Each structure stands twice: as structure tokens, then as C-alpha cells.
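**Q** One structure, pasted below without further comment.
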Amino acid sequence: MLQEESDLSLIIAQIVQKLKGSNLYSQLERQAWGSWEKRILKSLNSMCTELSIPLARKRPVGEQKELLNKWNEMGTDEPDLSLFRPVYAPKDFLEVLINLRNPNYENSDSLSFRTHLGLIQVPLKVKDIPELKECFVELGLNIGQLGIDDSTQVPPELFENEHVRIGQKVLAEQDSAAAQQYIRQGSPTALRAELWALILNISSQPEDVLYYEQLKTNVIQHDLLVDSLIYKDVKLTASNDDYYFVFEDYLYQVLLCFSRDTSVLSHFAFNSASPPKSYIRGKLGLEEYAVFYPPNGVIPFHGFSMYVAPLCFLYHEPSKLYQIFREMYVRFFFRLHSISSHPSGIVSLCLLFETLLQTYLPQLFYHLREIGAQPLRISFKWMVRAFSGYLATDQLLLLWDRILGYNSLEILAVLAAAVFAFRAVNLMEVTSLAAAEAVLADLSTLKVMPLLQIFLFATVT
Amino acid sequence: MPRECQRSEYHVFQPLTSSPQGYGRQDLSSENQNYKGHGLSKGKEREQRASIRFKTTLMNTLMDVLRHRPGWVEVKDWLRENFDHTYMDEHVRISHFRNHYELTRKNYMVKNLKRFRKQLEREAGKLEAAKCDFFPKTFEMPCEYHLFVEEFRKNPGITWIMKPVARSQGKGIFLFRRLKDIMDWRKDTRSSDNQKDDIPVENYVAQRYIENPYLIGGRKFDLRVYVLVMSYIPLRAWLYRDGFARFSNTRFTLNSIDDQYVHLTNVAVQKTSPDYHPKKGCKWMLQRFRQYLASKHRPEAVETLFRDIDNIFVKSLQSVQKVIISDKHCFELYGYDILIDQDLKPWLLEVNASPSLTASSQEDYELKTCLLEDTLHVVDMEARLTGREKRVGGFDLMWNDGPVSREEGAPDLSGMGNFVTNTHLGCVNDRKKQLRQLFCSLQLQKKASS
């Protein structure tokens, strides 16, 4: 929980870097992440100063009561957020990634990497298609899939009915490992909420509900600057979405609590990043007076709320929705906006995407590069958001089924490449970045599973 | 507040009646004052170079659809305004039934439904009659005032809604809980000056307000569904697969019955709400809504809900079957407004003979243009169909003088088999593909037979 004196200092202290393990790329990560974090915090800091708003303050009792009354309809609030800016947007983060270099690395060593013409210049190991085929074997052509073999033309006796039956059995036996294996072929709509909960090991115990209520109390009692950033993000993204606008209220209820949840800090153990710290006024530099800011260590960026929005389709009880989101975040989503060498980290995903494109669609890749439309510039935002807000919801959920099933985000890079492959003909005809963006602006009609299957299993390699 | 000429955009298809006949016509014609000569009807020539003439004054969706239809020609000064007393050639079609108000005006609809229910009870028993209980208890004012008071007293504390019978877009509606409220209102309306907007007290209904609506994201919504009736005798009705759920912008609570924005999900009202942001839309396509339900409820529960919705269409149409003036030139596209409550029971709010065809977003535009295209396919001025089709584009034949089965062949009505009706509300609408296949096979059939 947030420990605080009456108010906090506006000055953010120097970031303390902690290195976990002896990762080969630790040097690279530390430098890159360090300067990136400095930038973010500087931005946050200057917003504070400009607007003369403290990072955190205790709410007066009257305000607390008001917020409690409005808890289920915070979306009706229209605070003036015009002066708030998102701390950063995916494209800012991309610039950082592009500039990543490993100082220990010498270009002349690796032949293959010398010819890498994409934006990412870090030689991480990524899979090629044969390896991906092995990894994603359940997506093969001769295996039934939801998202393909449940379409209207296919009689349900061929696959769907049996698949649903197996799903029900898995749920009845509460077998988490089996559920994870099962969901690789997709989850039936009616079973998805329970299956995901089973795989993520979420069961709503009274103590979980209580924990959520405590977080809620925290929100009522204290106002954080990041709250305004959260409001702004929800208003800009989810509220403007044709489908997610309905769930606006739930998003506040989840994200405001999320930012106060110090248990999220534990994920930093798997991350070379460190949560930003702040010091209580007058005690700058003294570790015992350092607190994490925001308490969960995660500064929301533009589009952050879209991680939560699709989950509102499945979970309606706030504390359950919260738990599911938190678990999804600490297992998967955090990797999409922090620098690491993990195969599911955003750097690896970017590299995987670019490598796939350059290797298997070289003509397209070169063409786009020539016209100043580096493919990663377009696909980055899809991957950072795990395609939320870009795909139709039912397709997105089928995709996230596979993320859970394979416990990996690599499928995002594969899908991004598959989308480019699908629209290759149109893309070959464009002559500018803007035109390329236009061709790829609308993904809402795409069917995810056929795209993946064709790209992995039906393209000549 | 929409301007006069904008109002005509909403009421595309207008009954071209100007002479009042009987009770209630007064109102229709006073509505029509503002739109003269709006209407849609076509002529067709059966010669070699068939061309189909049309006239409409609607911009936006309908104009786009009509102009793009191959072989259709717009004519400017061809139609008269008054179709009541003119003879129409066999090949002319008009998009309204003369007395559709029997279905679309709330007080008439209630009367017809009540009468039909009694008949059903006599003929088929209480259980069958109960299938007509999808309309919240409604009383005409003031003629049924005493009946209303009786019902009111039997259910103290519930909320009632007062609606004008002939208004649209949510105008003139308010909620109340005390008799005192309506007595005040009656006094007010009697003593007010004769404004243009004034509606005589006789033209209201008091209806039981549904206090436990199904909420999504804490918001109330209703469903807009499209039903195309090609004839009443025999009853032939088609159901469009697409439609949408319209959300209220504010959060539902019974505390604020004065806040009409909360309770009225009608887009026209929502547009004037201070919370309204045009970018948001505030609609969900029915597919999304059906998927949402599927992820929250068991498949059987969702099936039952949609079957109950089908039942609303059929019973409401059957109840006016004998009173609607049957005319083979006429067809009509209705917009049904359905409300779902927390027990997953659907309620009929009203039926619109002139559902709005203006598009509030790109998605909406596509829905409405496809809807109109498919409507014209079913009307079939080009005489391409055989008349035995069960599906045309996004339309499924729901009732053909009897229930229509999804299965091929004659439906098994013995009650033993699994009769699944041929409706697919909220399901996948692969209309382009279906139309291509349909017209291809029709062409082949024609060639084969010629």
C-alpha cells in the first residue's frame, strides 16, 4: 500500500538500476531502459510542475464521499483533461527500440545479421518458420481450430461439437494444464471466461474480493496524478471505440485500482526495468523514504486501457475482472512495453516480425523500405497493444486464446507478418508511407486463424 | 432540435394519404404536411429494355442504393402525392400499407393485440395466449383512465411511462410514479395555449415501465430489428439478420426518472443529451450483442431469447393481419424496437413503419444500404426470383402463411421433430456471397428453361 506523509516531493530521484541475473544483454538493457525511464519520468515531472498538481494527495472527506457514490459511473465525469498529455505513445517507444545497440557487439561477426535491413539493430535469436511450425503445431492444417472449423459452412459434427464437449470436460475437472493445451485450438465462446480463469489460476476467493475492496478504498482516499492520465487514456481510446465504449466505467474501476496495487511490483523481478521511485519531500536520496510511483510501478501510456477493454466482454464482476487483468498484465502485457531480451519481449517480437518479412516476403519488404515505409513503423502499434482495438473482438479473443495456450506473445509477430502477406498485392502498389498506412488501417474484417494458418503452414518456404 | 427538412430524412417512406378517414387520421395528415410528395414507388415495363422508375426525396442511404441499382431510373415529376384514390398498375409497388398505423400506433397496436390474445385463448388455450404477453400493460388515455387507475392501485410503487401515440424520436415522453403527476400534467396541457406541438390528451398511452432492463456496462439499451412484410394475406414476412443495440449514454438508475436521457435509448433523444458525443455512436451491431450474450449465458438461454423475439414478430403481425388493408402493391419495412429484461425476456416497445434510414456512422451506413438493397431484391421489380426462396441476401423468410423451417423440405409440424425456425438474427451475414450464388443459379435456371 502506498506509504506516504502528507504529500510527496515533486522531484523524482535518479533511477536505481538493478540487474537480475547475468544476462548477456544486460548492459544494453540497462543503458537503454535507464535513459528511457528517465525520459518518462521527466515528462511526468514536468507535467506536474506545469499544472502544479502533486503526484499524490489525500482526498478531502467530501470528495471521498462523492467518488464513492459515483464509483459505478465514473465515466459520466467530464473533468477537464485538456492539459494532460499521455506520458508517451507507442511510437515514442519505438524510437527508443530503434536506437538500441549492444556496445559489446561487433557487426562483422554475424553474417546473417549484417544483412538485416529492418529497424531493430539488436541481434537477438528469433525463430524462423520451420521452428514456428514446430512450436505452433496445433495450428496446423490438419488440426481442427476454432476460428476456422466452426464457420457456418462446416457442419458442427466434424469438429465443433466434440471440441465443446472436451472443453466442458476440462472445466469439470478443473485441470489447468489440460486447459492450456486445449485452448491452443481455440475456446468456445460460452466457455472462454472460465477457461481463461482456470489457465490463469484465478478463483474468486473471499480474500481476493477483499483485496480488491482495499484497493478501491485506496483510490477513494488518495488521488494520484496518474489517475488523470488514466482518465485521459480511457476517454481517448476505449470510449471512442465502437464497441468498448460501453465498458468505460469498468475500465476506470480496474485501472485506478491497478495503479495502486503494489503486488504488481513483483513482476519487475522478471524484468530488467525498475519501477520508478519517488522520495518524500525533503528526504531526497534516502532509501528508507523512497516509495514507488505510481505504487504499482507502471506508468500508463497512450492506449494502455485497451489491454483491459476486451476482458470486459468476458468478466462482469469487478474484482474478477481486476484479477484476470492483473494476471494477464504480469504474465504477458508488461513485456510489450519494456525492454528485455525475452523471446516474448517487444524487442524480440519486432525482430521476429522484421525477420519473417525480410526472409519470406523479401520483395515486399524491400519495396516498402524503398518508399520510406519500414513495415515495423506500421505494425509496431498492433503488437504493443496485442492487437486490441484493431481486430474485431471475436477475432481478438481467438488470438488471445492462443497467447494463453502457448504462453507466448510470439504469435503477435507472426500475425503481423501474416497481415502484411495477406495485403501484399495492394502494398506493392503503394508509393508512400501514408498510402501503406491506409492499406493497413482497417483490420476489423480480418479472420485471424486462417491468416496464421496460411502464413505458417501453407506458404512455400 | 432537428430542422423541419431534416425531419423528413427520418421519415422516408410516407403514406401518401391526405384525406382523413376515421379516427386518428387527423394526426397522420398533420405530420404529412411537412413532407409533400415524398414517397417511393416504381413502375416497371416488361419489354426488352426493362427500366424501373423511382422517385424519392431522401438523401443519404436510400438515394445511394436506388441510384446504384442497375436499370433503375430516377424520375422527378412523375408521381402524384395521393395514392389513396388512384389506380395503380399491376406492376407498381409502394412501400407502405394504407393503414399500417394499426400496427405502428401504440394505442391501435394494443387494441389489436388484446383482441388477438382473447381470440387465441378461446381457440388454443391460456398457454398459447400467454405468448402474446410481450407488450407491457398499456392503457389508452383518457378513455381507459379508470382501468388504468385500477391497475395502478393494484401495483403501488411501480413506475409508469406516458407516451404520445403518434410521436416519434422520443418526444413528449415522461415517467411517473404517482397519480398526482399525471393529474398535474393533464391540467397543464389543458390550460396551455394552442402551440404547434400540442397534442390532445386523447392521444397518449400509459404503459408499465420495465424496471429491470438488461444492462451492459451499466447501461440500458434496446434492440432495433428489421422485418419486411411482403403481404398480410397470406402473411409473408422476412427477418433481416443485422440490426443494432442502441445504448443510453448515461447509467441506469431508477432514482432519476426525470432524466429522460437515461431511460430513452432512442438515438434521436440521445443526440440531444449533454453527454452525447457523436464520435461514440452508442450502437452495437447485433452480431456483437449476440456474441456478448453467448459469452455470458448458456447457449440454450440465448436460443430461447431469440426464439421469443421471433415470437414477438409473428404474433404482432398476426394480430393485425385481418385489419390491415390487403393490397398486393404494398410492402413495408418495419423497425421493431425490443427491450430485454434481466430475466432475458424480450418486450416489444413499438413498431415503426418508417425506421430511420439516415446513417450515424460508417458501419451504420453499410448496414442500412445493405438492408435497403436486400429489401429491393426481395421486392423483386426485376422479376428474377422464383418466389420459393427462403433467403435473399441478409433476409431470411420467417413466415410464409405458416412457420418456415431451416431444414429443407416440408416442415415437420407434428411437434415431435426439432423444428428450428429459419431465422438468424444477429448471426453471420454473408449476404454478398449468398446473393452471388442465388442470382447465378437463377440465371442458370432461366437459361435452362428457355
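Identifiers for the C-alpha cells are assigned positionally: chains receive A, B, ... in sequence, residues are indexed from 1 per chain, and ligands are indexed from 1 in the order shown.
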With only C-alpha atoms as the counted atoms, please give the residues lying no more than 8 Å from segment 336-341 of chain B, apart from itself and same-chain residues fewer than 4 positions off, as a PyMOL selection string.

**A** chain B and resi 210+212-214+221-227+345-352

**Q** Could the residues in this selection be saved with N, CA and C atoms as a compact mmCIF listing (two decimals), in the first residue's frame?

**A**
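New file part_37.txt:
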# COMPACT_ATOMS: atom_id res chain seq x y z
N ILE B 210 -40.61 -0.88 -17.72
CA ILE B 210 -39.83 -2.07 -17.36
C ILE B 210 -38.66 -1.65 -16.49
N ASN B 212 -36.52 -3.52 -14.72
CA ASN B 212 -35.30 -4.34 -14.61
C ASN B 212 -34.73 -4.66 -15.98
N PRO B 213 -34.36 -3.62 -16.73
CA PRO B 213 -33.83 -3.90 -18.06
C PRO B 213 -32.47 -4.58 -17.96
N TYR B 214 -32.15 -5.34 -18.99
CA TYR B 214 -30.84 -5.95 -19.07
C TYR B 214 -29.84 -4.82 -19.30
N PHE B 221 -30.24 -0.44 -22.91
CA PHE B 221 -30.22 -0.43 -24.37
C PHE B 221 -31.51 -1.03 -24.88
N ASP B 222 -31.81 -0.77 -26.15
CA ASP B 222 -32.88 -1.54 -26.79
C ASP B 222 -32.37 -2.03 -28.14
N LEU B 223 -33.11 -2.94 -28.73
CA LEU B 223 -32.68 -3.52 -30.00
C LEU B 223 -33.55 -2.98 -31.12
N ARG B 224 -32.93 -2.67 -32.21
CA ARG B 224 -33.68 -2.29 -33.41
C ARG B 224 -33.51 -3.42 -34.41
N VAL B 225 -34.65 -3.99 -34.79
CA VAL B 225 -34.65 -5.14 -35.69
C VAL B 225 -35.54 -4.83 -36.88
N TYR B 226 -35.18 -5.34 -38.04
CA TYR B 226 -35.93 -5.02 -39.26
C TYR B 226 -36.72 -6.22 -39.77
N VAL B 227 -38.00 -5.98 -40.00
CA VAL B 227 -38.87 -7.03 -40.51
C VAL B 227 -39.53 -6.51 -41.78
N LYS B 345 -36.10 -11.84 -20.89
CA LYS B 345 -37.38 -11.84 -21.58
C LYS B 345 -37.44 -10.61 -22.48
N PRO B 346 -37.81 -10.81 -23.73
CA PRO B 346 -37.91 -9.66 -24.63
C PRO B 346 -39.28 -9.00 -24.54
N TRP B 347 -39.31 -7.66 -24.64
CA TRP B 347 -40.56 -6.91 -24.64
C TRP B 347 -40.63 -6.08 -25.90
N LEU B 348 -41.81 -5.90 -26.42
CA LEU B 348 -41.99 -5.05 -27.58
C LEU B 348 -42.26 -3.64 -27.12
N LEU B 349 -41.43 -2.71 -27.57
CA LEU B 349 -41.66 -1.32 -27.22
C LEU B 349 -42.54 -0.67 -28.27
N GLU B 350 -42.14 -0.79 -29.51
CA GLU B 350 -43.00 -0.30 -30.57
C GLU B 350 -42.54 -0.79 -31.92
N VAL B 351 -43.42 -0.57 -32.90
CA VAL B 351 -43.11 -0.92 -34.28
C VAL B 351 -43.13 0.36 -35.11
N ASN B 352 -42.11 0.56 -35.90
CA ASN B 352 -42.03 1.76 -36.73
C ASN B 352 -42.20 1.43 -38.20

**Q** Could I get the residues of segment 209-242 of chain B with an atom no further than 12 Å from an atom of segment 306-314 of chain A, each paired with its nearest atom pair and that distance in Å to one decimal, using only C-alpha atoms, sorted by chain and residue number, as a tab-separated table?

**A**
residue	atom	partner	partner_atom	distance
B:Ile216	CA	A:Phe313	CA	9.6
B:Gly217	CA	A:Cys312	CA	8.4
B:Gly218	CA	A:Cys312	CA	11.9

**Q** Near chain B, which residues of chain A fall within 6 Å when you count only C-alpha atoms, and what do they look like as a PyMOL selection string?

**A** chain A and resi 189-190+240+246-247

**Q** Save the residues we just selected, N, CA and C atoms, as a JSON list (two decimals), in the first residue's frame?

**A**
[["chain", "number", "residue", "atom", "x", "y", "z"],
["A", 189, "THR", "N", -17.07, -19.80, -27.26],
["A", 189, "THR", "CA", -17.48, -18.54, -26.63],
["A", 189, "THR", "C", -18.04, -18.75, -25.22],
["A", 190, "ALA", "N", -18.88, -19.74, -25.07],
["A", 190, "ALA", "CA", -19.56, -19.91, -23.79],
["A", 190, "ALA", "C", -18.61, -20.36, -22.68],
["A", 240, "ASN", "N", -13.84, 5.92, -27.33],
["A", 240, "ASN", "CA", -14.09, 6.27, -28.71],
["A", 240, "ASN", "C", -14.24, 5.05, -29.59],
["A", 246, "VAL", "N", -18.97, 1.00, -24.26],
["A", 246, "VAL", "CA", -19.96, 0.58, -23.27],
["A", 246, "VAL", "C", -19.32, 0.28, -21.91],
["A", 247, "PHE", "N", -18.06, -0.16, -21.95],
["A", 247, "PHE", "CA", -17.43, -0.62, -20.72],
["A", 247, "PHE", "C", -16.59, 0.44, -20.03]]

**Q** Can you list, as a PyMOL selection string, all residues belonging to segment 54-127 of chain A that DSSP tags as helix (DSSP H, G or I)?

**A** chain A and resi 61-69+71-76+90-98+111-114

**Q** Next, the residues of the selection above should be written as an mmCIF file, in the first residue's frame with C-alpha atoms.

**A**
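selection_32.cif, freshly written:
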data_model
loop_
_atom_site.group_PDB
_atom_site.id
_atom_site.type_symbol
_atom_site.label_atom_id
_atom_site.label_comp_id
_atom_site.auth_asym_id
_atom_site.auth_seq_id
_atom_site.Cartn_x
_atom_site.Cartn_y
_atom_site.Cartn_z
ATOM 1 C CA VAL A 61 -13.687 13.715 3.029
ATOM 2 C CA GLY A 62 -16.337 15.395 0.893
ATOM 3 C CA GLU A 63 -14.568 14.396 -2.269
ATOM 4 C CA GLN A 64 -14.159 10.846 -0.999
ATOM 5 C CA LYS A 65 -17.891 10.527 -0.422
ATOM 6 C CA GLU A 66 -18.642 11.885 -3.856
ATOM 7 C CA LEU A 67 -16.298 9.466 -5.540
ATOM 8 C CA LEU A 68 -17.749 6.551 -3.616
ATOM 9 C CA ASN A 69 -21.226 7.458 -4.814
ATOM 10 C CA TRP A 71 -17.918 4.632 -8.288
ATOM 11 C CA ASN A 72 -20.048 2.724 -10.784
ATOM 12 C CA GLU A 73 -20.379 5.556 -13.202
ATOM 13 C CA MET A 74 -17.102 7.396 -13.252
ATOM 14 C CA GLY A 75 -17.457 7.623 -16.970
ATOM 15 C CA THR A 76 -20.091 10.307 -16.540
ATOM 16 C CA PRO A 90 3.869 3.586 -28.726
ATOM 17 C CA LYS A 91 5.676 5.458 -31.473
ATOM 18 C CA ASP A 92 7.891 7.201 -28.922
ATOM 19 C CA PHE A 93 8.782 3.828 -27.517
ATOM 20 C CA LEU A 94 9.578 2.556 -30.984
ATOM 21 C CA GLU A 95 12.156 5.289 -31.426
ATOM 22 C CA VAL A 96 13.894 4.055 -28.313
ATOM 23 C CA LEU A 97 13.938 0.497 -29.572
ATOM 24 C CA ILE A 98 15.279 1.564 -32.923
ATOM 25 C CA LEU A 111 26.903 -12.734 -41.468
ATOM 26 C CA SER A 112 23.192 -13.060 -41.382
ATOM 27 C CA PHE A 113 22.693 -10.071 -39.204
ATOM 28 C CA ARG A 114 24.709 -7.773 -41.377
#

**Q** For a quick check of understanding, using only C-alpha atoms, which of A:Val430, A:Ile40, A:Gly372, A:Gly389 has the smallest distance to Val298 of chain A?

**A** A:Ile40

**Q** Quick one: residues within 7 Å of Lys58 of chain A, only C-alpha atoms, excluding same-chain residues fewer than 4 positions away - as number ranges by chain?

**A** A: 221-223

**Q** Now that the selection is made, can you save its residues with N, CA and C atoms as an mmCIF file, in the first residue's frame?

**A**
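Result saved to part.cif:
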data_model
loop_
_atom_site.group_PDB
_atom_site.id
_atom_site.type_symbol
_atom_site.label_atom_id
_atom_site.label_comp_id
_atom_site.auth_asym_id
_atom_site.auth_seq_id
_atom_site.Cartn_x
_atom_site.Cartn_y
_atom_site.Cartn_z
ATOM 1 N N GLN A 221 -9.457 7.211 -1.157
ATOM 2 C CA GLN A 221 -8.791 8.081 -0.191
ATOM 3 C C GLN A 221 -7.715 8.964 -0.790
ATOM 4 N N HIS A 222 -7.056 8.455 -1.814
ATOM 5 C CA HIS A 222 -5.957 9.227 -2.380
ATOM 6 C C HIS A 222 -6.144 9.434 -3.865
ATOM 7 N N ASP A 223 -5.735 10.607 -4.281
ATOM 8 C CA ASP A 223 -5.809 10.950 -5.691
ATOM 9 C C ASP A 223 -4.381 10.972 -6.238
#

**Q** May I ask which of the residues B:Asp242, B:Asp374, B:Asp380, B:Glu90 is the closest one to Gly335 of chain B, counting only C-alpha atoms?

**A**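 Residue with the minimum atom-to-atom distance to Gly335 of chain B: B:Asp242.
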
**Q** Work out how far atom CA of Lys315 of chain B is from atom CA of Phe331 of chain B, in Å to one decimal.

**A** 18.3 Å

**Q** If you measure from atom CA of Ile324 of chain B to atom CA of Arg98 of chain B, what distance in Å do you get, rounded to one decimal?

**A** 7.6 Å

**Q** Using only C-alpha atoms for the distances, tell me which of A:Phe332, A:Tyr390, A:Tyr244, A:Phe304 is nearest to Leu200 of chain A.

**A**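 Distance minimum relative to Leu200 of chain A lands on A:Phe332.
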